[in-house]
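**Student:** Take this structure, written in structure tokens, and hold onto it; I'll ask about it next.
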Amino acid sequence: MIFDTFNKVFNHSSSHILLYHSTFRRVPSDLFGEIHNVTPDEFYKQLKWLKSHFDVVAVDELLCLKDLKGKAAITFDDAYKSVFEEALPILKSLNMPCTIFINGCTLDKRVFWRDKVRYIINAALVSEFIESNKQFCKKNCIDENNFYRRTKHHELNSIEVESLLDKFFKVKGIRLELLSYCIDDPRILSSHDLVSYGSHSYSHYVMSSLTKEQQHEEVVKNINFFNKHNIKHSQIFSIPFGDENSFDDTTIALLEQYNYKGFVYSRNRLNSVFKNKYASNGSSSIYFSDRYMPRSSFSSFQSQIAVLKFRKMLGFHRVRL
């Protein structure tokens with residue numbers, strides 16, 4: 001009740017962009033422990049509350065508004081099948097728009113590489129992977145305790161990491177198709193007016209870990225996918241992993257080159273009522289906004305928002321929730 005009252009008082013002091021990933025009723029054992037999941041029941045509670053406190057608009061509209069006070073947007077990254085099976089019916093019943101940011105590689109029948117990492121952890125194969133790639137892991141300071149975090153570090157080329165993962169799976173005889181939890185068929189994509197689609201890059205690699213040519217391919221291959229399937233896509237780009245180290249000036253230049261209006265972080269922050277333009281080594285015309293990942297229960301979600309607002313008011317943005 002205290003948190004709800006606080007949120008009602010301060011809900012017009014900032015804009016909110018919520019970032020969801022999966023909405024499994026029960027998280028598959030292959031992904032357990034390392035995936036951000038909100039069950040359908042809790043998802044419904046969070047959205048119903050959000051609708052009663054905010055004007056919920058599409059993320060493209062939010063970034064273009066002059067007045068952001070009291071606005072909110074709902075986004076999903078990675079396009080897990082559970083979102084289409086569980087979350088979209090709820091959103092449609094509440095008449096709320098959303099944007100799903102897609103990794104085109106999964107629609108080309110490739111398994112999402114972060115799910116490969118999750119599988120290795122849950123199958124207790126981390127030590128075996130490290131032993132099989134001893135030189136690489138030693139050079140890049142990968143151990144059993146930091147395996148998940150370190151494999152997505154910006155100093156490690158994501159393409160090289162995934163290549164080692166695939167070689168390991170092949171040697172072990174593990175069938176990758178069993179890990180296909182993200183959408184793998186364009187026919188699954190809903191054409192509903194409330195649902196829009198955006199780019200999360202083609203492979204969800206750490207953009208700043210790639211060469212300029214590799215980054216270009218990650219941006220363009222997703223654009224080509226949208227054009228091929230006649231999908232009108234968002235002009236907002238979702239940065240894979242979404243922190244300051246996960247992209248660079250090359251990334252921003254590519255987004256501007258291909259006419260993106262803005263990008264979204266994943267830094268677990270609220271947005272100010274003022275629009276922000278990205279600037280690094282000069283000015284840029286591209287806007288950015290922050291997002292936060294709602295916690296798994298409604299009560300913890302309420303307290304999370306209150307804490308986020310306190311931290312924004314006090315300027316403690318860099319504290320990880």
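Just so we're on the same page: first chain in the structure tokens is A, next is B, and so on; residues restart at 1 for each chain, and ligands are numbered from 1 in the order they show up.
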Based on DSSP run over this structure's backbone, return all residues of stretch 152-247 of chain A in strand (DSSP E), as a ChimeraX atom specification.

**Tutor:** /A:195-199,233-238

**Student:** Save out the residues we just selected, N, CA and C atoms, as a compact mmCIF listing (two decimals), in the first residue's frame.

**Tutor:**
# COMPACT_ATOMS: atom_id res chain seq x y z
N VAL A 195 0.52 -4.73 -32.00
CA VAL A 195 1.84 -5.35 -31.93
C VAL A 195 2.74 -4.82 -33.04
N SER A 196 3.91 -4.32 -32.65
CA SER A 196 4.90 -3.90 -33.63
C SER A 196 6.20 -4.65 -33.37
N TYR A 197 7.08 -4.63 -34.36
CA TYR A 197 8.32 -5.40 -34.27
C TYR A 197 9.52 -4.50 -34.52
N GLY A 198 10.58 -4.75 -33.77
CA GLY A 198 11.79 -3.97 -33.92
C GLY A 198 13.00 -4.86 -34.00
N SER A 199 14.13 -4.26 -34.28
CA SER A 199 15.38 -5.01 -34.44
C SER A 199 16.17 -5.05 -33.14
N HIS A 233 8.63 -2.30 -39.55
CA HIS A 233 9.30 -2.43 -38.27
C HIS A 233 9.58 -1.09 -37.60
N SER A 234 9.75 -1.19 -36.31
CA SER A 234 10.00 -0.02 -35.46
C SER A 234 11.25 0.72 -35.91
N GLN A 235 11.23 2.02 -35.72
CA GLN A 235 12.40 2.85 -36.00
C GLN A 235 13.27 3.03 -34.76
N ILE A 236 12.98 2.21 -33.76
CA ILE A 236 13.78 2.18 -32.54
C ILE A 236 14.56 0.86 -32.53
N PHE A 237 15.83 0.93 -32.19
CA PHE A 237 16.70 -0.24 -32.18
C PHE A 237 16.97 -0.63 -30.73
N SER A 238 16.83 -1.91 -30.43
CA SER A 238 17.13 -2.40 -29.09
C SER A 238 18.57 -2.91 -29.05

**Student:** Of the candidates A:Ser299, A:Asn222, A:Ser14, A:Ser127, which one gets nearest to A:Asn145 if we count only C-alpha atoms?

**Tutor:**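 Among the listed residues, the smallest separation from A:Asn145 belongs to A:Ser127.
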
**Student:** Smallest atom-to-atom distance to A:Pro240: which of A:Gln215, A:Lys139, A:Arg110, A:Asp55, using only C-alpha atoms?

**Tutor:** A:Gln215

**Student:** Need the shell around A:Pro294: protein/DNA/RNA residues with any atom at most 7 Å away, counting only C-alpha atoms. Skip same-chain ones fewer than 5 positions apart. Format as an NGL selection string?

**Tutor:** :A and (18-20 or 301)

**Student:** Just the residues within 9 Å of A:Gly262, please, counting only C-alpha atoms, with nothing from its chain fewer than 4 positions along; format it as a list in words.

**Tutor:**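 Final neighbour list, sorted by chain and number: Asp60, Leu63, Gln235, Ile236, Phe237, Ser238, Leu255, Glu256, Lys277, Tyr278, Ser285, Ile286, Tyr287, Phe288 and Ser289 of chain A.
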
**Student:** Name the closest residue to A:Lys261 among the candidates A:Thr75, A:Val220, A:Leu176, A:Ser284; distances are taken between atoms, counting only C-alpha atoms.

**Tutor:**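 Under the stated criterion, the closest residue is A:Ser284.
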
**Student:** From a DSSP pass on the backbone, collect the residues of stretch 58-207 of chain A flagged as helix (DSSP H, G or I) and hand them back as a PyMOL selection string.

**Tutor:** chain A and resi 59-64+81-94+104-107+113-122+126-132+134-139+147-150+158-172+176-179+186-188+207

**Student:** Looking at only C-alpha atoms, which of A:His153, A:Arg267, A:Ser163, A:Ser208 is the one that sits closest to A:Ile252?

**Tutor:**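 Once distances to A:Ile252 are computed over only C-alpha atoms, the minimum belongs to A:Ser208.
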
**Student:** Can you tell me which residues surround A:Ile121 at a distance of at most 10 Å, considering only C-alpha atoms, apart from same-chain residues fewer than 2 positions away, and format the answer as an mmCIF file with N, CA and C atoms, in the first residue's frame?

**Tutor:**
data_model
loop_
_atom_site.group_PDB
_atom_site.id
_atom_site.type_symbol
_atom_site.label_atom_id
_atom_site.label_comp_id
_atom_site.auth_asym_id
_atom_site.auth_seq_id
_atom_site.Cartn_x
_atom_site.Cartn_y
_atom_site.Cartn_z
ATOM 1 N N ASP A 30 16.284 -26.109 -19.185
ATOM 2 C CA ASP A 30 17.466 -25.687 -19.944
ATOM 3 C C ASP A 30 17.825 -24.226 -19.693
ATOM 4 N N LEU A 31 16.838 -23.419 -19.316
ATOM 5 C CA LEU A 31 17.026 -21.975 -19.183
ATOM 6 C C LEU A 31 16.996 -21.502 -17.745
ATOM 7 N N PHE A 32 16.681 -22.376 -16.838
ATOM 8 C CA PHE A 32 16.400 -21.999 -15.456
ATOM 9 C C PHE A 32 17.567 -21.248 -14.804
ATOM 10 N N GLY A 33 17.212 -20.189 -14.085
ATOM 11 C CA GLY A 33 18.195 -19.478 -13.275
ATOM 12 C C GLY A 33 18.888 -18.315 -13.942
ATOM 13 N N GLU A 34 18.904 -18.287 -15.274
ATOM 14 C CA GLU A 34 19.647 -17.231 -15.965
ATOM 15 C C GLU A 34 18.779 -16.433 -16.927
ATOM 16 N N ASP A 115 20.947 -18.884 -25.070
ATOM 17 C CA ASP A 115 20.296 -20.101 -24.570
ATOM 18 C C ASP A 115 21.259 -21.287 -24.591
ATOM 19 N N LYS A 116 22.223 -21.249 -25.472
ATOM 20 C CA LYS A 116 23.275 -22.284 -25.462
ATOM 21 C C LYS A 116 24.098 -22.156 -24.179
ATOM 22 N N VAL A 117 24.403 -20.924 -23.814
ATOM 23 C CA VAL A 117 25.151 -20.676 -22.581
ATOM 24 C C VAL A 117 24.333 -21.146 -21.377
ATOM 25 N N ARG A 118 23.048 -20.833 -21.362
ATOM 26 C CA ARG A 118 22.185 -21.256 -20.260
ATOM 27 C C ARG A 118 22.121 -22.777 -20.153
ATOM 28 N N TYR A 119 22.057 -23.435 -21.307
ATOM 29 C CA TYR A 119 22.002 -24.897 -21.298
ATOM 30 C C TYR A 119 23.260 -25.488 -20.660
ATOM 31 N N ALA A 123 23.125 -27.838 -17.455
ATOM 32 C CA ALA A 123 23.524 -29.230 -17.648
ATOM 33 C C ALA A 123 24.829 -29.549 -16.918
ATOM 34 N N ALA A 124 25.322 -28.605 -16.130
ATOM 35 C CA ALA A 124 26.565 -28.777 -15.363
ATOM 36 C C ALA A 124 27.745 -29.135 -16.262
ATOM 37 N N LEU A 125 27.850 -28.414 -17.386
ATOM 38 C CA LEU A 125 28.908 -28.679 -18.354
ATOM 39 C C LEU A 125 29.932 -27.546 -18.435
ATOM 40 N N VAL A 126 29.845 -26.584 -17.524
ATOM 41 C CA VAL A 126 30.743 -25.426 -17.596
ATOM 42 C C VAL A 126 32.201 -25.848 -17.477
ATOM 43 N N SER A 127 32.522 -26.664 -16.487
ATOM 44 C CA SER A 127 33.920 -27.073 -16.288
ATOM 45 C C SER A 127 34.436 -27.849 -17.495
ATOM 46 N N PHE A 129 33.362 -27.460 -20.620
ATOM 47 C CA PHE A 129 33.570 -26.482 -21.693
ATOM 48 C C PHE A 129 34.899 -25.763 -21.502
ATOM 49 N N GLU A 144 34.456 -21.020 -13.844
ATOM 50 C CA GLU A 144 33.131 -21.576 -13.545
ATOM 51 C C GLU A 144 32.220 -20.570 -12.867
ATOM 52 N N PHE A 147 31.223 -17.650 -15.834
ATOM 53 C CA PHE A 147 30.994 -18.132 -17.198
ATOM 54 C C PHE A 147 29.872 -17.370 -17.906
ATOM 55 N N TYR A 148 28.729 -17.251 -17.272
ATOM 56 C CA TYR A 148 27.595 -16.575 -17.920
ATOM 57 C C TYR A 148 27.930 -15.115 -18.213
#

**Student:** I'd like the contact shell of A:His229 - 10 Å cut-off, only C-alpha atoms, skipping same-chain residues fewer than 4 positions apart - returned as a VMD selection string.

**Tutor:** chain A and resid 186 to 187 224 to 225
